[in-house]
file run_22.txt (compact mmCIF, C-alpha atoms)
# COMPACT_ATOMS: atom_id res chain seq x y z
CA MET A 1 44.79 45.22 -47.49
CA ARG A 2 42.85 46.72 -44.62
CA ARG A 3 43.94 45.46 -41.23
CA ASN A 4 41.34 43.77 -39.01
CA TRP A 5 40.62 46.12 -36.07
CA ARG A 6 40.61 43.15 -33.68
CA SER A 7 44.30 42.58 -34.34
CA ARG A 8 45.34 46.08 -33.34
CA PRO A 9 47.54 46.38 -30.21
CA SER A 10 45.11 48.83 -28.60
CA PHE A 11 42.27 46.33 -28.86
CA ARG A 12 44.44 43.56 -27.45
CA LEU A 13 45.42 45.72 -24.52
CA PHE A 14 41.80 46.66 -23.91
CA SER A 15 40.80 42.99 -23.99
CA VAL A 16 43.47 42.06 -21.45
CA LEU A 17 42.44 44.88 -19.11
CA MET A 18 38.77 43.91 -19.34
CA ALA A 19 39.62 40.28 -18.63
CA VAL A 20 41.60 41.28 -15.54
CA TYR A 21 38.80 43.62 -14.44
CA CYS A 22 36.33 40.74 -14.60
CA ILE A 23 38.59 38.07 -13.10
CA ILE A 24 39.67 39.95 -9.94
CA PRO A 25 36.13 40.29 -8.46
CA VAL A 26 35.43 36.62 -9.18
CA VAL A 27 38.63 35.51 -7.44
CA PHE A 28 37.89 37.92 -4.57
CA TYR A 29 34.44 36.38 -4.12
CA LEU A 30 35.61 32.76 -4.33
CA SER A 31 38.92 32.86 -2.45
CA PRO A 32 39.12 33.70 1.29
CA GLN A 33 42.92 33.64 1.03
CA PHE A 34 42.91 36.24 -1.74
CA ARG A 35 40.64 38.49 0.33
CA ARG A 36 42.99 38.24 3.32
CA ILE A 37 46.01 39.02 1.16
CA LEU A 38 44.37 42.21 -0.12
CA ILE A 39 42.82 43.35 3.17
CA PHE A 40 45.92 43.00 5.35
CA GLY A 41 48.57 43.76 2.71
CA ALA A 42 51.26 42.11 4.84
CA TYR A 43 53.39 41.50 1.75
CA ILE A 44 53.68 45.25 0.98
CA ILE A 45 56.87 46.53 2.61
CA TRP A 46 58.91 49.25 0.95
CA PRO A 47 61.65 50.33 1.36
CA PHE A 48 63.80 47.88 3.35
CA HIS A 49 63.75 48.50 7.11
CA ASP A 50 66.20 47.48 9.83
CA TYR A 51 63.92 46.63 12.76
CA THR A 52 66.84 45.85 15.08
CA LYS A 53 67.92 49.49 15.34
CA PRO A 54 64.91 51.68 16.15
CA GLU A 55 67.32 54.39 17.41
CA SER A 56 68.38 54.97 13.80
CA TYR A 57 64.85 56.25 13.12
CA GLY A 58 65.14 59.02 15.71
CA LEU A 59 63.78 56.99 18.63
CA PRO A 60 66.43 57.22 21.39
CA HIS A 61 66.65 54.25 23.76
CA ALA A 62 63.91 52.38 21.92
CA LYS A 63 64.02 48.59 22.21
CA ASN A 64 63.41 45.93 19.57
CA PHE A 65 62.26 42.52 20.81
CA PHE A 66 59.69 39.77 20.23
CA ILE A 67 56.47 38.88 22.02
CA ASN A 68 55.24 35.28 21.83
CA SER A 69 51.68 34.97 20.57
CA VAL A 70 49.30 32.03 20.18
CA GLY A 71 50.38 29.13 17.98
CA GLU A 72 54.16 29.56 18.14
CA ILE A 73 53.87 33.00 16.58
CA ARG A 74 56.49 35.65 17.35
CA LEU A 75 55.60 39.33 17.02
CA GLY A 76 58.22 41.93 16.16
CA THR A 77 57.84 44.68 18.76
CA TRP A 78 59.25 48.10 19.58
CA TYR A 79 59.12 49.86 22.91
CA ILE A 80 59.65 53.64 22.71
CA PRO A 81 60.27 55.34 26.08
CA PRO A 82 59.03 58.86 26.86
CA ARG A 83 61.48 61.75 26.57
CA SER A 84 61.43 62.24 30.35
CA LEU A 85 63.01 58.80 30.80
CA TRP A 86 65.97 59.31 28.45
CA ASN A 87 68.41 60.60 31.08
CA GLN A 88 67.79 57.63 33.36
CA LEU A 89 68.30 55.20 30.51
CA GLU A 90 71.70 56.71 29.69
CA ASN A 91 73.23 55.28 32.86
CA VAL A 92 71.79 51.78 33.02
CA SER A 93 72.71 48.50 31.38
CA LYS A 94 71.14 48.01 27.98
CA SER A 95 68.48 45.37 28.60
CA ARG A 96 66.95 43.75 25.55
CA GLU A 97 63.37 44.25 26.73
CA PRO A 98 61.69 46.96 28.83
CA GLU A 99 61.75 46.40 32.60
CA PRO A 100 59.09 47.17 35.23
CA TRP A 101 61.09 49.98 36.88
CA MET A 102 60.84 52.03 33.68
CA PHE A 103 57.10 52.49 34.29
CA GLN A 104 57.18 53.96 37.80
CA ASP A 105 56.50 57.47 36.43
CA GLN A 106 52.72 56.96 36.02
CA ARG A 107 52.87 58.28 32.44
CA PRO A 108 50.29 56.87 29.99
CA VAL A 109 51.26 53.67 28.18
CA ILE A 110 50.04 53.53 24.58
CA ILE A 111 49.76 50.29 22.58
CA TYR A 112 49.61 51.18 18.88
CA PHE A 113 48.02 48.88 16.29
CA HIS A 114 48.86 49.86 12.73
CA GLY A 115 46.74 49.56 9.63
CA HIS A 116 46.97 48.01 6.18
CA ALA A 117 50.39 47.10 4.75
CA ASN A 118 53.97 48.02 5.56
CA CYS A 119 55.36 47.73 9.09
CA ARG A 120 56.07 49.41 12.42
CA ALA A 121 59.14 51.15 10.93
CA CYS A 122 57.46 53.04 8.09
CA GLN A 123 57.93 56.80 8.09
CA TYR A 124 54.51 58.18 9.01
CA ARG A 125 54.08 55.70 11.86
CA ILE A 126 57.44 56.74 13.28
CA GLY A 127 56.24 60.35 13.11
CA LEU A 128 53.31 59.41 15.34
CA TYR A 129 55.54 57.53 17.82
CA LYS A 130 57.71 60.64 18.12
CA THR A 131 54.69 62.84 18.72
CA LEU A 132 53.32 60.56 21.42
CA SER A 133 56.61 59.92 23.23
CA GLN A 134 58.52 63.18 22.71
CA SER A 135 55.73 65.76 22.94
CA ASN A 136 55.88 67.92 26.05
CA LYS A 137 52.12 67.46 26.34
CA LEU A 138 51.99 63.66 26.26
CA ASP A 139 55.43 62.20 27.09
CA ALA A 140 53.99 58.69 26.83
CA HIS A 141 55.43 55.18 26.75
CA VAL A 142 54.67 53.58 23.36
CA PHE A 143 54.52 49.92 22.32
CA THR A 144 53.98 48.94 18.70
CA ILE A 145 53.85 45.50 17.10
CA ASP A 146 53.75 43.96 13.67
CA TYR A 147 50.94 41.43 13.47
CA ARG A 148 51.63 37.88 12.36
CA GLY A 149 52.64 37.83 8.70
CA PHE A 150 54.03 41.38 8.79
CA ALA A 151 57.68 42.50 8.77
CA ASP A 152 59.88 40.29 10.98
CA SER A 153 56.96 38.58 12.72
CA THR A 154 56.26 34.91 11.95
CA LYS A 155 55.32 34.50 8.30
CA VAL A 156 51.74 33.28 8.15
CA LEU A 157 48.70 34.69 6.37
CA PRO A 158 46.90 36.91 8.93
CA ASP A 159 43.20 36.79 9.67
CA ARG A 160 40.88 38.50 12.14
CA GLU A 161 41.18 35.88 14.86
CA GLY A 162 44.97 35.76 14.54
CA VAL A 163 45.54 39.50 14.82
CA LEU A 164 43.08 39.66 17.73
CA HIS A 165 45.17 37.03 19.55
CA ASP A 166 48.26 39.13 18.77
CA ALA A 167 46.58 42.20 20.26
CA ILE A 168 45.50 40.36 23.42
CA VAL A 169 48.94 38.85 24.15
CA THR A 170 50.54 42.25 23.57
CA PHE A 171 48.15 43.85 26.04
CA ASP A 172 48.85 41.11 28.59
CA TYR A 173 52.61 41.55 28.12
CA VAL A 174 52.35 45.29 28.83
CA ARG A 175 49.91 44.70 31.68
CA LYS A 176 52.45 42.40 33.35
CA LEU A 177 55.15 45.08 33.06
CA LEU A 178 52.80 47.48 34.82
CA LYS A 179 52.18 44.95 37.60
CA ASN A 180 48.55 44.60 36.48
CA ASN A 181 47.88 48.36 36.59
CA GLU A 182 46.09 48.19 33.25
CA SER A 183 44.22 51.45 33.86
CA ARG A 184 47.26 53.35 32.48
CA ILE A 185 47.08 51.55 29.13
CA LEU A 186 45.58 53.41 26.17
CA ILE A 187 44.73 51.33 23.09
CA TRP A 188 45.44 53.19 19.83
CA GLY A 189 44.38 51.92 16.42
CA HIS A 190 44.88 53.51 13.02
CA SER A 191 42.83 52.69 9.91
CA LEU A 192 42.52 48.88 9.76
CA GLY A 193 44.05 48.96 13.24
CA THR A 194 40.86 50.67 14.47
CA GLY A 195 39.06 47.47 13.52
CA VAL A 196 41.58 45.52 15.60
CA ALA A 197 41.19 47.98 18.49
CA MET A 198 37.40 47.64 18.44
CA GLN A 199 37.67 43.84 18.37
CA LEU A 200 40.02 44.07 21.35
CA ALA A 201 37.70 46.41 23.25
CA ASP A 202 34.84 44.00 22.59
CA ALA A 203 36.93 41.06 23.87
CA PHE A 204 37.82 43.01 27.03
CA THR A 205 34.17 42.94 28.09
CA GLU A 206 34.32 39.14 28.38
CA LEU A 207 37.93 39.06 29.61
CA LYS A 208 37.09 41.65 32.28
CA ARG A 209 39.98 43.90 31.31
CA SER A 210 39.74 47.64 32.01
CA PRO A 211 42.35 49.73 30.21
CA MET A 212 42.16 53.51 30.23
CA GLY A 213 40.42 53.83 26.89
CA VAL A 214 40.66 53.58 23.11
CA VAL A 215 41.80 56.05 20.45
CA LEU A 216 40.52 55.41 16.92
CA GLU A 217 42.55 57.31 14.33
CA ALA A 218 40.93 57.59 10.87
CA PRO A 219 38.41 54.81 11.61
CA PHE A 220 35.72 53.19 9.50
CA ASN A 221 32.32 51.92 10.54
CA SER A 222 32.42 48.86 8.30
CA LEU A 223 35.24 47.14 6.42
CA VAL A 224 32.80 46.45 3.60
CA GLU A 225 32.07 50.16 3.14
CA ALA A 226 35.71 51.14 3.64
CA SER A 227 36.87 48.63 1.01
CA MET A 228 34.43 50.03 -1.53
CA GLU A 229 35.90 53.50 -0.93
CA TRP A 230 39.55 52.36 -1.02
CA PRO A 231 41.24 53.54 -4.27
CA LEU A 232 41.47 50.00 -5.67
CA GLY A 233 37.99 49.15 -4.43
CA ARG A 234 36.43 52.15 -6.18
CA ILE A 235 37.38 50.62 -9.52
CA PHE A 236 35.05 47.69 -8.78
CA LYS A 237 32.38 49.62 -6.88
CA TYR A 238 30.04 49.62 -9.88
CA PHE A 239 30.84 46.09 -11.01
CA PRO A 240 27.63 44.01 -11.28
CA GLY A 241 26.95 42.37 -7.92
CA SER A 242 29.59 44.45 -6.14
CA SER A 243 27.59 44.59 -2.89
CA ILE A 244 27.54 40.78 -2.77
CA ILE A 245 31.23 40.54 -3.68
CA PHE A 246 32.37 43.05 -1.06
CA GLY A 247 29.86 41.59 1.39
CA THR A 248 31.98 38.44 1.64
CA LEU A 249 34.27 40.44 3.94
CA ARG A 250 31.41 40.70 6.43
CA ASP A 251 30.13 37.17 5.90
CA ASN A 252 33.45 35.46 6.68
CA ASP A 253 35.02 35.51 10.14
CA GLU A 254 38.55 35.83 8.73
CA THR A 255 37.82 39.40 7.60
CA PHE A 256 35.00 40.49 9.91
CA PHE A 257 35.87 44.05 10.95
CA GLU A 258 32.41 45.60 11.28
CA SER A 259 33.14 48.04 14.10
CA GLU A 260 29.64 49.52 14.15
CA GLN A 261 28.23 46.11 15.08
CA LEU A 262 30.39 46.05 18.23
CA ALA A 263 29.27 49.46 19.51
CA ALA A 264 26.79 48.15 22.07
CA SER A 265 29.26 45.76 23.71
CA VAL A 266 32.20 48.16 24.16
CA ARG A 267 32.46 49.52 27.71
CA LEU A 268 35.48 51.80 27.33
CA PRO A 269 35.90 55.56 26.74
CA ILE A 270 36.65 56.22 23.06
CA LEU A 271 38.29 59.16 21.30
CA ILE A 272 37.92 59.39 17.52
CA LEU A 273 40.38 61.42 15.41
CA HIS A 274 39.52 62.06 11.77
CA SER A 275 40.28 64.60 9.06
CA THR A 276 37.90 65.78 6.36
CA ASP A 277 40.66 65.48 3.74
CA ASP A 278 41.12 61.74 4.33
CA GLY A 279 41.29 60.26 0.83
CA LEU A 280 41.52 56.60 1.88
CA VAL A 281 38.91 56.19 4.64
CA PRO A 282 36.34 58.95 4.02
CA TYR A 283 35.45 61.23 6.90
CA ARG A 284 31.78 60.27 6.61
CA LEU A 285 32.62 56.65 7.55
CA GLY A 286 34.18 57.88 10.78
CA GLN A 287 31.03 59.94 11.37
CA LYS A 288 28.89 56.85 10.86
CA LEU A 289 30.88 55.03 13.52
CA LEU A 290 30.61 58.04 15.84
CA ASP A 291 26.83 58.14 15.40
CA ARG A 292 26.54 54.43 16.13
CA LEU A 293 28.72 54.72 19.24
CA ARG A 294 26.69 57.68 20.49
CA ALA A 295 23.49 55.71 20.02
CA MET A 296 24.65 52.34 21.36
CA CYS A 297 27.80 52.63 23.49
CA PRO A 298 27.22 52.91 27.28
CA VAL A 299 30.15 55.35 27.48
CA GLN A 300 29.71 58.39 25.23
CA PRO A 301 32.60 58.84 22.76
CA THR A 302 34.62 62.01 22.16
CA PHE A 303 35.33 63.24 18.64
CA TYR A 304 38.16 65.47 17.47
CA LYS A 305 37.84 66.98 14.01
CA VAL A 306 41.41 67.27 12.77
CA ASN A 307 42.50 70.65 11.41
CA ASP A 308 42.83 69.88 7.70
CA THR A 309 44.82 73.06 6.96
CA TYR A 310 47.86 70.93 7.83
CA GLY A 311 46.94 68.51 5.05
CA PRO A 312 46.97 65.47 7.35
CA GLY A 313 44.91 63.23 5.08
CA HIS A 314 44.77 59.63 6.23
CA ARG A 315 48.29 59.11 7.54
CA TYR A 316 49.53 62.42 8.96
CA ILE A 317 46.96 63.37 11.58
CA TYR A 318 49.80 63.83 14.07
CA THR A 319 50.95 66.93 12.14
CA ASP A 320 47.97 68.85 13.53
CA PRO A 321 49.28 70.32 16.83
CA GLY A 322 45.74 70.35 18.18
CA MET A 323 45.74 66.56 18.16
CA GLN A 324 48.19 66.54 21.07
CA THR A 325 45.86 68.76 23.09
CA ALA A 326 42.83 66.62 22.23
CA VAL A 327 44.58 63.41 23.29
CA ALA A 328 46.00 65.03 26.45
CA ASP A 329 42.55 66.38 27.38
CA PHE A 330 41.05 62.93 26.83
CA ILE A 331 43.66 61.23 29.03
CA ARG A 332 43.41 63.90 31.70
CA SER A 333 39.61 63.61 31.81
CA LEU A 334 39.92 59.91 32.64
CA GLY A 335 42.29 60.55 35.56
CA LYS A 336 44.21 57.28 35.16
CA ALA A 337 47.69 58.54 34.23
CA GLU A 338 49.90 61.57 34.84
CA LEU A 339 50.77 64.04 32.08
CA PRO A 340 53.39 66.80 31.97
CA ILE A 341 52.24 70.21 33.16
CA VAL A 342 52.51 72.63 30.24
CA GLU A 343 52.00 76.32 30.87
CA GLU A 344 50.51 78.16 27.92
CA LYS A 345 50.24 81.88 27.37
CA PRO A 346 46.74 83.37 27.41
CA THR A 347 45.15 83.31 23.98
CA ASP A 348 42.22 85.07 22.38
CA LYS A 349 38.83 83.50 22.90
CA SER A 350 38.60 82.15 19.35
CA SER A 351 41.59 79.85 19.84
CA VAL A 352 40.70 78.40 23.24
CA SER A 353 39.84 74.70 23.35
CA GLU A 354 36.12 74.07 23.71
CA ARG A 355 33.79 71.09 23.81
CA LYS A 356 30.63 71.20 21.75
CA ASP A 357 28.48 68.10 21.56
CA GLY A 358 31.47 65.89 22.28
CA ILE A 359 33.67 67.51 19.63
CA ALA A 360 37.07 68.76 20.72
CA VAL A 361 38.10 71.96 18.93
CA PRO A 362 41.85 72.71 18.52
CA SER A 363 43.28 75.02 21.16
CA ALA A 364 46.42 77.12 21.01
CA ILE A 365 49.64 75.17 21.31
CA SER A 366 52.55 76.23 23.47
CA LYS A 367 55.37 77.78 21.45
CA THR A 368 57.80 75.67 23.41
CA ASP A 369 56.27 72.45 22.11
CA SER A 370 59.18 70.47 20.76
CA THR A 371 57.25 67.72 19.02
CA PRO A 372 59.09 66.79 15.83
CA VAL A 373 57.06 66.84 12.65
CA GLU A 374 58.05 64.39 9.95
CA HIS A 375 58.11 65.48 6.33
CA ARG A 376 56.28 63.24 3.94
CA ASN A 377 57.93 61.29 1.21
CA SER A 378 56.80 58.91 -1.48
CA GLU A 379 57.71 55.65 0.24
CA GLU A 380 54.17 54.81 1.32
CA LEU A 381 51.61 53.15 -0.87
call {"tool": "encode", "arguments": {"input": "run_22.txt", "output": "structure tokens"}}
result
Amino acid sequence: MRRNWRSRPSFRLFSVLMAVYCIIPVVFYLSPQFRRILIFGAYIIWPFHDYTKPESYGLPHAKNFFINSVGEIRLGTWYIPPRSLWNQLENVSKSREPEPWMFQDQRPVIIYFHGHANCRACQYRIGLYKTLSQSNKLDAHVFTIDYRGFADSTKVLPDREGVLHDAIVTFDYVRKLLKNNESRILIWGHSLGTGVAMQLADAFTELKRSPMGVVLEAPFNSLVEASMEWPLGRIFKYFPGSSIIFGTLRDNDETFFESEQLAASVRLPILILHSTDDGLVPYRLGQKLLDRLRAMCPVQPTFYKVNDTYGPGHRYIYTDPGMQTAVADFIRSLGKAELPIVEEKPTDKSSVSERKDGIAVPSAISKTDSTPVEHRNSEEL
């Protein structure tokens, strides 16, 4: 007897997959909680990390502590001191939190806001901390937090307003350590963290805060557009009514990260870092944000096109040595913090750093640069 084709395992599997394909967009459209779960990805942490021992990740004298945020929220935080401070820290009592005397060197102080999923201890983020704090071109103080709902921070479902509160209280904590000398503070956001950084910069206009500036690493212009280009989002990009479904991210305050709409209200210098081989947030979305900032922002932004011969993609921009020079040039141009003096040998004209229409071109890097470069592994999603 001939078997009914509808009873075949392949048809059953196809039916299940089609049902899931149709159900997910409907749930995404109807459920704000489901959208927040997917956008922030706070539940995605792999492998296990010990946040209490940042030194074990190659961050000497780093400190793990908590910052109190709004609504009885505690934020897991690391402070990573610059290499130039290590010797002094060898001979002092081990305080649990950073102390004001540690910041008398006038080095830049970077507050890093990470992107979607995982935590402050994941491998590629640690690689960036090392580059910022141990590079002989930057030698910066670094603070990094896990937003509410992430890692060892208080377990609640994050939303835009919540993570903005987390960013503000972190800034105020660092500002207090610096005895209100906020002009040394550089805000740094990566991926989804660029949305947080832009929200923070927008809030500073009303709060009358004036940090040094903002670095946007692999940014997007619109969370709606970025979500449609995300690997999972691409699957549903051509689903009927996809523009309306994805548009719920823009229409609801919990997930409103439309950076291009904030361009006119931001009053801070901005440096954008992006690589053409970014497979998660396409380079063209960073260009869209750059164009909007150039057209609307009172302070003209600077753009650094990352050297993609290093294969930096979305997460490894720090592996391009020219990034250090671009960031150092940006900080130096603002005149708010002191950087190490690095003597470089004369180079041929083709490798000298230039500025063309606001774009920083990689310059030769000193052979004595001791910045560690992390090797990639498969731990990240």
call {"tool": "atom_distance", "arguments": {"input": "run_22.txt", "atom1": "CA of Gly213 in chain A", "atom2": "CA of Ile126 in chain A"}}
result
22.0 Å
call {"tool": "atom_distance", "arguments": {"input": "run_22.txt", "atom1": "CA of Tyr29 in chain A", "atom2": "CA of Ile245 in chain A"}}
result
5.3 Å
call {"tool": "residues_around", "arguments": {"input": "run_22.txt", "residues": "Phe204 in chain A", "least_positions_apart": "4", "cutoff": "9 Å", "atoms": "only C-alpha atoms", "output": "number ranges by chain"}}
result
A: 168, 199-200, 208-211, 266-267
call {"tool": "residues_around", "arguments": {"input": "run_22.txt", "residues": "Gly241 in chain A", "least_positions_apart": "4", "cutoff": "12 Å", "atoms": "only C-alpha atoms", "output": "list in words"}}
result
Cys22, Pro25, Val26, Tyr29, Phe236, Lys237, Ile245, Phe246, Gly247 and Thr248 of chain A
call {"tool": "closest_atom_pairs", "arguments": {"input": "run_22.txt", "of": "range 38-155 of chain A", "to": "range 171-175 of chain A", "cutoff": "10 Å", "atoms": "all atoms listed in the file", "output": "tab-separated table"}}
result
residue	atom	partner	partner_atom	distance
A:Ile67	CA	A:Tyr173	CA	7.7
A:Asn68	CA	A:Tyr173	CA	9.3
A:Pro98	CA	A:Val174	CA	9.5
A:Pro100	CA	A:Val174	CA	9.5
A:Val109	CA	A:Val174	CA	8.5
A:Ile110	CA	A:Val174	CA	9.6
A:Ile111	CA	A:Phe171	CA	7.5
A:Phe143	CA	A:Val174	CA	8.3
call {"tool": "residues_around", "arguments": {"input": "run_22.txt", "residues": "His165 in chain A", "least_positions_apart": "6", "cutoff": "10 Å", "atoms": "only C-alpha atoms", "output": "number ranges by chain"}}
result
A: 69-71, 147-148, 171, 200
call {"tool": "closest_residue", "arguments": {"input": "run_22.txt", "among": "A:Ile317, A:Ser243, A:Leu273, A:Gly279", "to": "Phe303 in chain A", "atoms": "all atoms listed in the file"}}
result
A:Leu273
call {"tool": "closest_residue", "arguments": {"input": "run_22.txt", "among": "A:Ala197, A:Ile73, A:Leu164, A:Ile44", "to": "Phe113 in chain A", "atoms": "only C-alpha atoms"}}
result
A:Ala197
call {"tool": "residues_around", "arguments": {"input": "run_22.txt", "residues": "Met228 in chain A", "least_positions_apart": "2", "cutoff": "12 Å", "atoms": "all atoms listed in the file", "output": "number ranges by chain"}}
result
A: 39, 220, 222-226, 230-239, 242-247, 249, 280-282, 285
call {"tool": "atom_distance", "arguments": {"input": "run_22.txt", "atom1": "CA of Val142 in chain A", "atom2": "CA of Lys63 in chain A"}}
result
10.7 Å
call {"tool": "closest_atom_pairs", "arguments": {"input": "run_22.txt", "of": "range 198-285 of chain A", "to": "range 298-301 of chain A", "cutoff": "10 Å", "atoms": "only C-alpha atoms", "output": "JSON lines"}}
result
{"residue": "A:Val214", "atom": "CA", "partner": "A:Pro301", "partner_atom": "CA", "distance": 9.6}
{"residue": "A:Val215", "atom": "CA", "partner": "A:Pro301", "partner_atom": "CA", "distance": 9.9}
{"residue": "A:Ala263", "atom": "CA", "partner": "A:Pro298", "partner_atom": "CA", "distance": 8.7}
{"residue": "A:Ala264", "atom": "CA", "partner": "A:Pro298", "partner_atom": "CA", "distance": 7.1}
{"residue": "A:Ser265", "atom": "CA", "partner": "A:Pro298", "partner_atom": "CA", "distance": 8.2}
{"residue": "A:Val266", "atom": "CA", "partner": "A:Pro298", "partner_atom": "CA", "distance": 7.6}
{"residue": "A:Arg267", "atom": "CA", "partner": "A:Pro298", "partner_atom": "CA", "distance": 6.3}
{"residue": "A:Leu268", "atom": "CA", "partner": "A:Val299", "partner_atom": "CA", "distance": 6.4}
{"residue": "A:Pro269", "atom": "CA", "partner": "A:Val299", "partner_atom": "CA", "distance": 5.8}
{"residue": "A:Ile270", "atom": "CA", "partner": "A:Pro301", "partner_atom": "CA", "distance": 4.8}
{"residue": "A:Leu271", "atom": "CA", "partner": "A:Pro301", "partner_atom": "CA", "distance": 5.9}
{"residue": "A:Ile272", "atom": "CA", "partner": "A:Pro301", "partner_atom": "CA", "distance": 7.5}
call {"tool": "write_last_selection", "arguments": {"input": "run_22.txt", "atoms": "C-alpha atoms", "output": "CSV table (one decimal), in the frame of the given file"}}
result
chain,number,residue,atom,x,y,z
A,214,VAL,CA,40.7,53.6,23.1
A,215,VAL,CA,41.8,56.0,20.4
A,263,ALA,CA,29.3,49.5,19.5
A,264,ALA,CA,26.8,48.2,22.1
A,265,SER,CA,29.3,45.8,23.7
A,266,VAL,CA,32.2,48.2,24.2
A,267,ARG,CA,32.5,49.5,27.7
A,268,LEU,CA,35.5,51.8,27.3
A,269,PRO,CA,35.9,55.6,26.7
A,270,ILE,CA,36.6,56.2,23.1
A,271,LEU,CA,38.3,59.2,21.3
A,272,ILE,CA,37.9,59.4,17.5
call {"tool": "closest_residue", "arguments": {"input": "run_22.txt", "among": "A:Ile80, A:Leu290, A:Val92, A:Ala337", "to": "Arg120 in chain A", "atoms": "all atoms listed in the file"}}
result
A:Ile80
call {"tool": "closest_residue", "arguments": {"input": "run_22.txt", "among": "A:Met323, A:Leu17, A:Cys122, A:Leu207", "to": "Lys305 in chain A", "atoms": "all atoms listed in the file"}}
result
A:Met323
